[in-house]
Structure formats: C-alpha cells, structure tokens
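Participant: The structure follows.
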Amino acid sequence: MKKIYLLAAIAGALTFSSCGDDFLSKDPQGVLNKEALENATGVDLLTIDAYAGLTTWTNTSYSPYQQSPLNWVFGGIYGGDANKGSDPGDQSVLNEVELYNTLTTNGYVEQKWVWVYMESHRVNLALQALAKADDMNDQLKKVREGELRFIKALAYFEGIRVFGPYIPYVPADNEENDPNIKNDKDIYSDVMADIEAAVAQLPETQPEVGRVNAWAAKALKAKMLVYQGKFSEAETLLADVINNGKTSNGLKYGLEDNLNNNFNALTENGKESVFALQYSNAANDTGNAAFCLNYPHNSGPGGCCGFYQPSYELVNSFQVDKDGLPYLNGEYRSLPSVSKRGGKDEPIGVNDKTIAVDPRLDFAVGRYGIPYKDWGLPADNWVRNPVNGGIFIPKKHVYSKAEEAAGMKAFMNGWAPGSCMNIEYLSLRDLILLYAECLANDGKTAEAMAQVNIIRERAALPVNIITLPDGTPAANYKIGLYPTSHPAFSDKETCMKAIRMERKLELAMEGERWFDLARWGGDYMSKELKSYVDYEKNYITKFAAASVLSPSKTMLPIPENQIQLKGSEWLIQNDAWK
C-alpha cells in the first residue's frame, strides 16, 4: 500500500460531546463522543487523522498556503530563494514578507501558528484515546504512541523554527478545547522528550510506507539537536542514520542517482526519502494544497498562479569557476547574470550560454530556453508578471507530463492545482549536509568536505544533465569535486562557507534557506539578506523599498490576533517584535 491516509481526515472534524449523568442526556446524531474512540478502531482513525493533518487542509477559516510543514513562504521567500511572484495585488499579504516589512498581523504568519496547534490538538486527542484503549496489545500501543509523538514533535519543531522556542506547549493529557498555557519558557525540552519517546517506541520498518519509523525519528532528533547547537550529539546520531538507516519499507538509505526521483509521484518513497508528506488524488484529498499557488501560469502545467518565482540572486549563485566550484565569497554578485529579461521579439528570459553553471540550477529553476521536465520549453505566458516577479519559474515540486498522464494531477476545490507528489520533509541529502556541518564544527574539515563531495558527485552524474532534443547540454554545465588541496579541507572557516553554499544549492526551493540563515546567527542572517536585497533590486525595482531584517529577528512574530484572543497574560510577543 503506497499511502496510509487516502481516507478522508474524519477524526479532526469530530466534535466531542460530554455525556452527563442525567439519563435524558443524548448525543446529537453525526457526533462522536470521546468514549466511542477509546478502542483500537478509534485510535487507528485518530492516528491516521494526525498524519493527514500534515497534508490536508481541513480548517475552512484559514487559507491552506502555510498550513503545512512545506515552508515555501517562510523558508523560501523569506530566505531569498524566491520572490513572491504573480501580481502585486494577488495575495498582497505576501508583499510585506518578501520585502522584510512583515507585520504582527500578517495572515500567513497566523496560518502557520494555527496549523501548529491544530496538529498538536489532533495528536493529543489520539494519545488520550490510546491511553484508554483496552482492546489493543501493548506492542501496537507502543508503535502508535511512537508515531503520534513523532508527529507532535514535528509540529512543534515547525513552530520553533518559525516562532522561536518560547511558544506554548500543550501536554498530551490536557483535555481543554482552548487551553490557557503561557509562552514563558523554552519548550525544546518538551519537544525533545516527544522525539526521544518516538525513537524508543517506533520499529525499524512499517507495514505502510507512509508511516514513520525509528530511523526517521532519529533523523528528526538529530536535526533538532543541530538547531540547538548540540553538534557533537547530532554528529554521532547522524552518522548512525546515514550509515545504518533504512526507510519504512526497508530500503537502505542512499542517494538516488537521478535527482528527479525525489520529485516525481511515479518514483517517490525511494531510498533517499527519510520521512515524506504523502499526497493522493482522491476526491477528498487536497493534492498538496499548500503548494497550489506555485505552478506556472496560463498554459503551463497547473495553469495557476505564478507565485514563488526563483530569485535572480539564487539563480546566479549557481555560477561556477574554471574548476566547476561555486563562488564562496559572493563573487557571482559582481559578474554578469546568467539570464536576463528578453527584448523585443525575444522570449521573456534569455540565457548567456558562455557562463558556466552548476547543473542543479536547471533542476531547481525553470528558465526560458531550457526544457522544463518533459513539458518542452516554457511559453511566455508561464510567467504571470515579469516586472513583479522576474523571469524564472519554480520547478522541483511541479508535476511532469508523465505524472499527469498517470493520473497524478489533482485539484483543490475544483480550481487550485496540485499533485500526488510527496514532499520529503526529511531527506538523506539534507542529513548528509547537516552531518558535514557537525564534522566541520568539530574541526574535522577533511571528513566534512568528503560529505560535500558525495553530494556534488551525485549532481554531476550524466542523468542529471539536462539536454536539448538533439542530445546536447541545454546550458554550459560544469561541476567539479573539491580537491583535497582546496583550503576548505584544512581551514574551518572556508569549510563552513563551502557547506553553507552547498546547502543553498542542493536544497534550493525546498523551503529551508531562511531557517538555515537564522540558525547560523542573527548577524549572519541579516548580512546575507541585505546582500540578497541589494542584488535583487538591480533586476526587480520593488526591492528598493525592502528593509534590512534586524539580527534580532531570527523568528517571526507571534500573531497579534492570537495575543488578543488569548490575552496578554497568556501570550507575550517576542521582544524583537514588540
């Protein structure tokens, strides 16, 4: 069975009524009370619902675009991977995000907050039912608890990545529908307890590939340790996961030769996928609603809505030197752009094929004149507004023609495009580069660079070189391995620069960039984003109005509406946003 939650997410919509002692008390039809779910069937439904909460938009009070662990706004746009794109007036709330003028009333920020606590609530309901389910054997209870504790840890980790660690943590035994819990303590210890329980309780393999296993729990724990700066602990754990780990369906972890295998519904759940958000095209599913704005416009695949356009700065960071190595000190920002806006009788974008680029550029970014997966060359109307968003198109998470032909295309509410393509929340490529970072922090620079070269060696495989119909490379592709004589093998500062650049290139457009910048320190984040804005305004004039993000703002604000609803005695705004 490919996925475990093709069913409707029914349990999250359940209303739990309270049965009083009065014999006249009667639950309304169509409503389940808690007791009805305190059994094996009920626990299974609630667990499936918790998984579905990672993927399915069920709260009609909020838009879906950031109700997900897929952070195309906060990790991607906020990190400089992409511009908002589309027209200025469409989803105008994003204008303030991309120009670093975010307000505490921003609707996308509130969407993320609501998702974190909706998902935590789903898990708590399931854990409460699990504790009273007497018809389940101990081993199954253990596994289900491990799955639920993993999902809860993931949700709160997402909350921490966006809002910082001073947010409310709701314990599993809290049965209040709207609990009053202060945000006056760092919740990392609570979240670490959840993920450690998941590691201890989960099996190495699962009967359904969509269920989490112990190795994925170890991977999430390691990533959380890195975010806390506990590099030595993370290093040991990551080495174990990379060398010995396997997927829920028993595949030993390894990099796919073909980069596209990680972004294709026909080849997903492979050896590089550590934990993936599973999507389907079932009528009651949402086909990755969180990404539905980000397909090429008009005649392009999806046909809507032209958001999340890769930035000029990201595109040009793929430029390489004579040895096929990236520029580690921002030198590419003073070189000619690899692509420019086309003139009269030219396509929207025109490429300079004399400039050597890393082949991963055209895997992550759609450029004019370069084949777009199996769709052929992009048409001019695929970009909705080049003045507002530039000339590039998102590519990684857009479905192929072959996927569409196989029925992997989906629509939300009859209009919003989507697909069955998984989103790899935890991937081996990410873990290898986190491991390299841990090694470098420990002074093991040569070992760290060996990990970087593993990633680069895969990128250089012939299968990852995009070609034209006549078989010739579509651009001047060049990628080399770092030689042992390179300063990065012996100098810690250079080594860290190489690792950070490799994460930018390998994970481009996957929603990781801002979180990396923030965890590398406020001063570093602010400096890098200022360089991004200064570069981008050369090509897109609206960036002249962008602000410099303060080094203190390594988190986004707690939504003002939530503070007003709960009261300032319960929720206190982060000092940086007061």
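Following the order of the structure tokens, chains are lettered A, B, ..., residues in each are numbered from 1, and ligands are numbered from 1.
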Per residue of stretch 462-570 of chain A within 12 Å of stretch 315-319 of chain A, which atom pair is closest and at what distance in Å (one decimal), using only C-alpha atoms, listed by chain and increasing number, as CSV?
Facilitator:
residue,atom,partner,partner_atom,distance
A:Ala475,CA,A:Gln319,CA,11.7
A:Asn476,CA,A:Gln319,CA,10.1
A:Tyr477,CA,A:Gln319,CA,9.4
A:Lys478,CA,A:Gln319,CA,9.1
A:Ile479,CA,A:Gln319,CA,9.7
A:Met501,CA,A:Ser317,CA,8.6
A:Glu502,CA,A:Phe318,CA,10.0
A:Arg503,CA,A:Ser317,CA,11.7
A:Lys504,CA,A:Ser317,CA,8.6
A:Leu505,CA,A:Phe318,CA,6.9
A:Glu506,CA,A:Phe318,CA,10.1
A:Ala508,CA,A:Val315,CA,9.5
A:Met509,CA,A:Val315,CA,10.8
A:Tyr532,CA,A:Ser317,CA,10.6
A:Tyr535,CA,A:Asn316,CA,10.2
A:Glu536,CA,A:Asn316,CA,10.6
Participant: Enumerate the residues of stretch 81-163 of chain A with a DSSP assignment of strand (DSSP E), computed from the backbone, and present them as a list in words.
Facilitator: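 Restricting stretch 81-163 of chain A to strand (DSSP E) produces Ala82, Asn83, Lys84 and Gly85 of chain A.
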Participant: Generate a file of the selected residues that holds N, CA and C atoms, formatted as a CSV table (one decimal), in the first residue's frame.
Facilitator:
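And here is the file that came out, part.csv:
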chain,number,residue,atom,x,y,z
A,82,ALA,N,13.4,32.8,-3.4
A,82,ALA,CA,12.4,33.2,-4.4
A,82,ALA,C,11.7,34.5,-4.0
A,83,ASN,N,11.1,35.2,-5.1
A,83,ASN,CA,10.3,36.3,-4.9
A,83,ASN,C,8.8,35.8,-4.8
A,84,LYS,N,8.0,36.7,-4.3
A,84,LYS,CA,6.5,36.3,-4.2
A,84,LYS,C,6.0,35.9,-5.6
A,85,GLY,N,6.4,36.7,-6.6
A,85,GLY,CA,5.8,36.4,-8.0
A,85,GLY,C,4.4,36.9,-8.2
Participant: Excluding same-chain residues fewer than 5 positions from stretch 365-374 of chain A, what lies within 9 Å of it counting only C-alpha atoms, as JSON, numbers by chain?
Facilitator: {"A": [260, 309, 310, 315, 339, 347, 348, 349, 350, 351, 360, 379, 380, 391, 392, 393, 394, 395, 396, 398, 399, 400, 401, 402, 466, 467, 468, 469, 474, 475, 508, 509]}
Participant: Report as JSON, numbers by chain all protein, DNA and RNA residues lying within 9 Å of A:Thr445, evaluated on only C-alpha atoms, omitting residues in the same chain fewer than 6 positions from it.
Facilitator: {"A": [436, 439, 488, 489, 490, 491, 492, 495, 496]}
Participant: Using only all heavy atoms, please write the residues we just selected to a file, as a CSV table (one decimal), in the first residue's frame.
Facilitator:
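As a result, again13.csv now contains:
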chain,number,residue,atom,x,y,z
A,436,ALA,N,27.9,17.0,7.6
A,436,ALA,CA,29.2,17.7,7.2
A,436,ALA,C,29.3,18.9,8.1
A,436,ALA,O,30.5,19.3,8.6
A,436,ALA,CB,29.1,18.1,5.8
A,439,LEU,N,30.6,17.8,11.5
A,439,LEU,CA,32.0,17.5,11.4
A,439,LEU,C,32.9,18.7,11.4
A,439,LEU,O,33.9,18.8,12.0
A,439,LEU,CB,32.3,16.6,10.2
A,439,LEU,CG,31.7,15.2,10.2
A,439,LEU,CD1,31.7,14.6,8.8
A,439,LEU,CD2,32.5,14.3,11.2
A,488,ALA,N,39.3,24.5,1.9
A,488,ALA,CA,38.1,24.0,2.7
A,488,ALA,C,38.5,22.7,3.4
A,488,ALA,O,37.8,22.4,4.4
A,488,ALA,CB,36.9,23.8,1.8
A,489,PHE,N,39.5,22.0,2.9
A,489,PHE,CA,39.9,20.7,3.6
A,489,PHE,C,40.7,20.9,4.8
A,489,PHE,O,40.9,20.0,5.6
A,489,PHE,CB,40.7,19.9,2.6
A,489,PHE,CG,39.8,19.0,1.7
A,489,PHE,CD1,39.1,19.5,0.6
A,489,PHE,CD2,39.6,17.7,2.0
A,489,PHE,CE1,38.3,18.7,-0.2
A,489,PHE,CE2,38.8,16.8,1.3
A,489,PHE,CZ,38.1,17.4,0.2
A,490,SER,N,41.2,22.1,5.0
A,490,SER,CA,42.1,22.4,6.2
A,490,SER,C,41.7,23.6,7.0
A,490,SER,O,42.0,23.7,8.2
A,490,SER,CB,43.5,22.5,5.8
A,490,SER,OG,43.7,23.6,4.8
A,491,ASP,N,41.0,24.5,6.4
A,491,ASP,CA,40.6,25.8,7.1
A,491,ASP,C,39.1,25.7,7.5
A,491,ASP,O,38.2,25.6,6.6
A,491,ASP,CB,40.8,27.0,6.2
A,491,ASP,CG,40.4,28.3,6.9
A,491,ASP,OD1,41.1,28.7,7.9
A,491,ASP,OD2,39.4,28.9,6.4
A,492,LYS,N,38.8,25.8,8.8
A,492,LYS,CA,37.4,25.6,9.3
A,492,LYS,C,36.5,26.7,8.7
A,492,LYS,O,35.4,26.4,8.3
A,492,LYS,CB,37.4,25.7,10.8
A,492,LYS,CG,36.0,25.4,11.4
A,492,LYS,CD,36.1,25.4,12.9
A,492,LYS,CE,34.7,25.2,13.5
A,492,LYS,NZ,34.8,25.1,15.0
A,495,CYS,N,35.8,25.9,5.1
A,495,CYS,CA,35.0,24.7,5.1
A,495,CYS,C,33.5,25.0,5.4
A,495,CYS,O,32.6,24.5,4.7
A,495,CYS,CB,35.5,23.7,6.1
A,495,CYS,SG,34.6,22.1,6.2
A,496,MET,N,33.2,25.8,6.4
A,496,MET,CA,31.9,26.2,6.7
A,496,MET,C,31.2,27.0,5.5
A,496,MET,O,30.0,26.8,5.2
A,496,MET,CB,31.8,27.0,8.0
A,496,MET,CG,32.1,26.2,9.2
A,496,MET,SD,30.9,24.9,9.5
A,496,MET,CE,29.3,25.7,9.4
Participant: Counting only C-alpha atoms, which residue out of A:Asn95, A:Asn244, A:Asn288, A:Asn464 sits closest to A:Asp362?
Facilitator: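 Of A:Asn95, A:Asn244, A:Asn288, A:Asn464, the one nearest A:Asp362 is A:Asn464, counting only C-alpha atoms.
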